[in-house]
Each structure stands twice: as C-alpha cells, then as structure tokens.
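Engineer: Right, I'll just put the structure down here and ask away after.
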Amino acid sequence: GWLSASGPENVPARSRRGRRQASGCPGVASSLCARQRIHHRTYSRTMFTFILVVQAIVAALKLKPGMTVADIGAGTGLFTRLIAPLVAPAGRVYALDIVPGFVEAIERQAREQRLDNVVALVNPPDAANLPARSIDLAFVCDTYHHFEYPQTMLASIRQALRPGGQLVIIDYQKIPGLSSDWVMGHVRAGKATMIQEVEMAGFRLVDDLPLLTE
C-alpha cells in the first residue's frame with residue numbers, strides 16, 4: 001500500500017527458443033511445451049504488471065524539476081534512476097542504503113547513464129544522515145518493514161524535510177489470515193502499526209492508496 005504523510009509544519013505533500021517440430025510437441029513433450037508456454041505467459045504478465053505499478057508510483061509522486069528527493073533504502077537503484085531525470089537539471093536524488101554494495105552499484109550505474117544529479121550514500125540503520133531541511137520528498141519503498149529503529153529513523157527523515165515536504169511509504173500489508181506466510185514472518189509491522197509509528201514521529205497522514213495485492 002501507499003502511505004503519504006506530511007512533513008514539518010503539517011503541510012500536506014503527498015533463453016533462446018527451442019527448434020519447433022513439424023508436429024508441434026508430440027507425446028510427453030507436449031505437456032512440457034504447454035508448461036513452458038504457461039510459465040512464459042505468467043512471467044510476461046507479471047513483468048507487465050510490475051512495470052505498470054512502477055510507472056504509476058513514479059507518476060503519483062508528482063515530481064518537478066528542481067526537487068530534491070531521498071530514495072531511502074534505494075537497493076538496486078530502480079527508483080533512483082527513474083526519479084533523477086524528472087527532477088533534473090537543478091534537482092538532486094540522494095540514494096541511501098545501509099548496504100555498501102548497493103550504493104557502489106548505484107554510483108556506477110549513475111556514471112554509466114550520466115545521471116549527474118544522483119548522490120549515493122551509505123547511511124546507518126537508525127538515521128538518514130541528511131542535512132536539515134535539505135529534501136522535498138522522502139521516498140521509502142519496500143523498506144519500512146526493515147527499519148530496526150523506526151522512531152529515530154523517522155525523526156531523522158523529518159528533520160531533513162523542508163517545510164511542506166512529504167514522506168511517501170510503500171510497503172506490504174500484514175493481515176493475519178489474508179497475507180502470505182512469507183509476509184507474516186518477514187514484515188515487521190502491519191499498516192496500523194506503521195501509521196501509528198509515523199504519526200508519533202510528528203507526521204500527519206494525508207493519503208492512503210492501495211497499489212497491489214501480494
């Protein structure tokens with residue numbers, strides 16, 4: 001789901017193919033070929049859906065040239081690379097991650113793609129470590145449930161936001177009886193807990209949008 005919260009001053013922000021036989025896939029091979037086709041179609045549909053969701057997320061951020069964005073828990077840098085051109089030339093993207101290998105890869109990809117407005121940084125688990133009032137948007141996608149120190153991290157994010165800034169969190173919903181065993185065991189907090197933690201840190205919920213089921 002999507003959670004958008006206000007920042008300071010309570011201002012809302014928001015394989016190559018096998019050779020085909022003349023008779024198709026006779027005998028036992030027919031079952032195998034059918035499964036391969038099904039798997040291919042499922043993979044294609046899944047990727048198509050993923051691309052649509054990513055595009056929808058970026059569009060919903062309503063980015064403008066000149067904005068400064070922090071991609072917190074940037075991981076592979078997918079969103080960093082999509083956001084950077086939209087805020088260029090004057091805007092900047094801070095790509096933060098606690099894993100040095102991810103940060104190094106983002107730096108390399110940014111150089112290769114000539115994304116000169118990307119600044120990749122290693123941050124500690126309990127803070128974003130950004131200057132006060134330095135960002136317009138804090139973007140946290142598939143990362144909040146990894147926060148080991150949510151209150152100190154949220155306080156760090158809040159002080160980094162400019163007046164009218166926005167915190168956007170996209171994460172799994174944890175619902176007993178509905179969510180998968182993986183989500184129930186992997187995700188730290190459900191939506192209600194997350195909202196409570198965010199509001200305790202001084203943010204105000206301004207939007208709550210569904211994105212995808214698991």
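Chain lettering (A, B, ...) mirrors the order of the structure tokens, residue numbering begins at 1 for each chain separately, and ligand numbering begins at 1 in order of display.
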Using DSSP assignments from the backbone, pull out every residue in region 102-199 of chain A that falls under strand (DSSP E or B) and give it to me as a list in words.
Structural biologist: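 Here are the strand (DSSP E or B) residues of region 102-199 of chain A: Val118, Val119, Ala120, Leu121, Val122, Ile135, Asp136, Leu137, Ala138, Phe139, Val140, Cys141, Leu161, Arg162, Pro163, Gly164, Gly165, Gln166, Leu167, Val168, Ile169 and Ile170 of chain A.
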Engineer: Would you mind exporting C-alpha atoms of the selected residues as a short mmCIF file (atom, residue, chain, number, x, y, z; two decimals), in the first residue's frame?
Structural biologist:
data_model
loop_
_atom_site.label_atom_id
_atom_site.label_comp_id
_atom_site.auth_asym_id
_atom_site.auth_seq_id
_atom_site.Cartn_x
_atom_site.Cartn_y
_atom_site.Cartn_z
CA VAL A 118 22.49 11.26 -8.15
CA VAL A 119 24.33 11.23 -4.83
CA ALA A 120 24.66 7.70 -3.41
CA LEU A 121 25.37 7.42 0.30
CA VAL A 122 25.71 4.68 2.91
CA ILE A 135 14.89 17.44 0.80
CA ASP A 136 11.38 17.93 -0.57
CA LEU A 137 10.42 14.25 -0.66
CA ALA A 138 11.47 11.19 1.34
CA PHE A 139 10.61 8.05 -0.65
CA VAL A 140 10.61 4.73 1.23
CA CYS A 141 9.63 1.78 -0.96
CA LEU A 161 12.41 17.55 5.11
CA ARG A 162 11.78 21.13 4.11
CA PRO A 163 8.54 22.82 5.21
CA GLY A 164 5.75 21.32 3.14
CA GLY A 165 7.87 18.24 2.48
CA GLN A 166 6.42 14.79 2.00
CA LEU A 167 7.14 11.28 3.24
CA VAL A 168 5.85 8.51 0.98
CA ILE A 169 5.96 4.92 2.23
CA ILE A 170 5.13 1.92 0.04
#
Engineer: I'd like the neighbourhood of region 193-201 of chain A as a PyMOL selection string, where a residue qualifies if any of its atoms comes within 8 Å (using only C-alpha atoms), though same-chain residues fewer than 4 positions away should be ignored.
Structural biologist: chain A and resi 150-151+154-155+158+189+205
Engineer: Quick check, in Å to one decimal: how far apart do CA of Val87 (chain A) and CA of Val69 (chain A) lie?
Structural biologist: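 Straight-line distance from CA of Val87 (chain A) to CA of Val69 (chain A) works out to 8.4 Å.
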Engineer: Please indicate the distance in Å from CA of Arg204 (chain A) to CA of Leu86 (chain A), rounded to one decimal place.
Structural biologist: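 Atom-to-atom, CA of Arg204 (chain A) to CA of Leu86 (chain A), that is 26.2 Å.
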Engineer: To one decimal in Å, tell me the separation between CA of Val93 (chain A) and CA of His145 (chain A).
Structural biologist: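 If I compute the distance from CA of Val93 (chain A) to CA of His145 (chain A), I get 22.2 Å.
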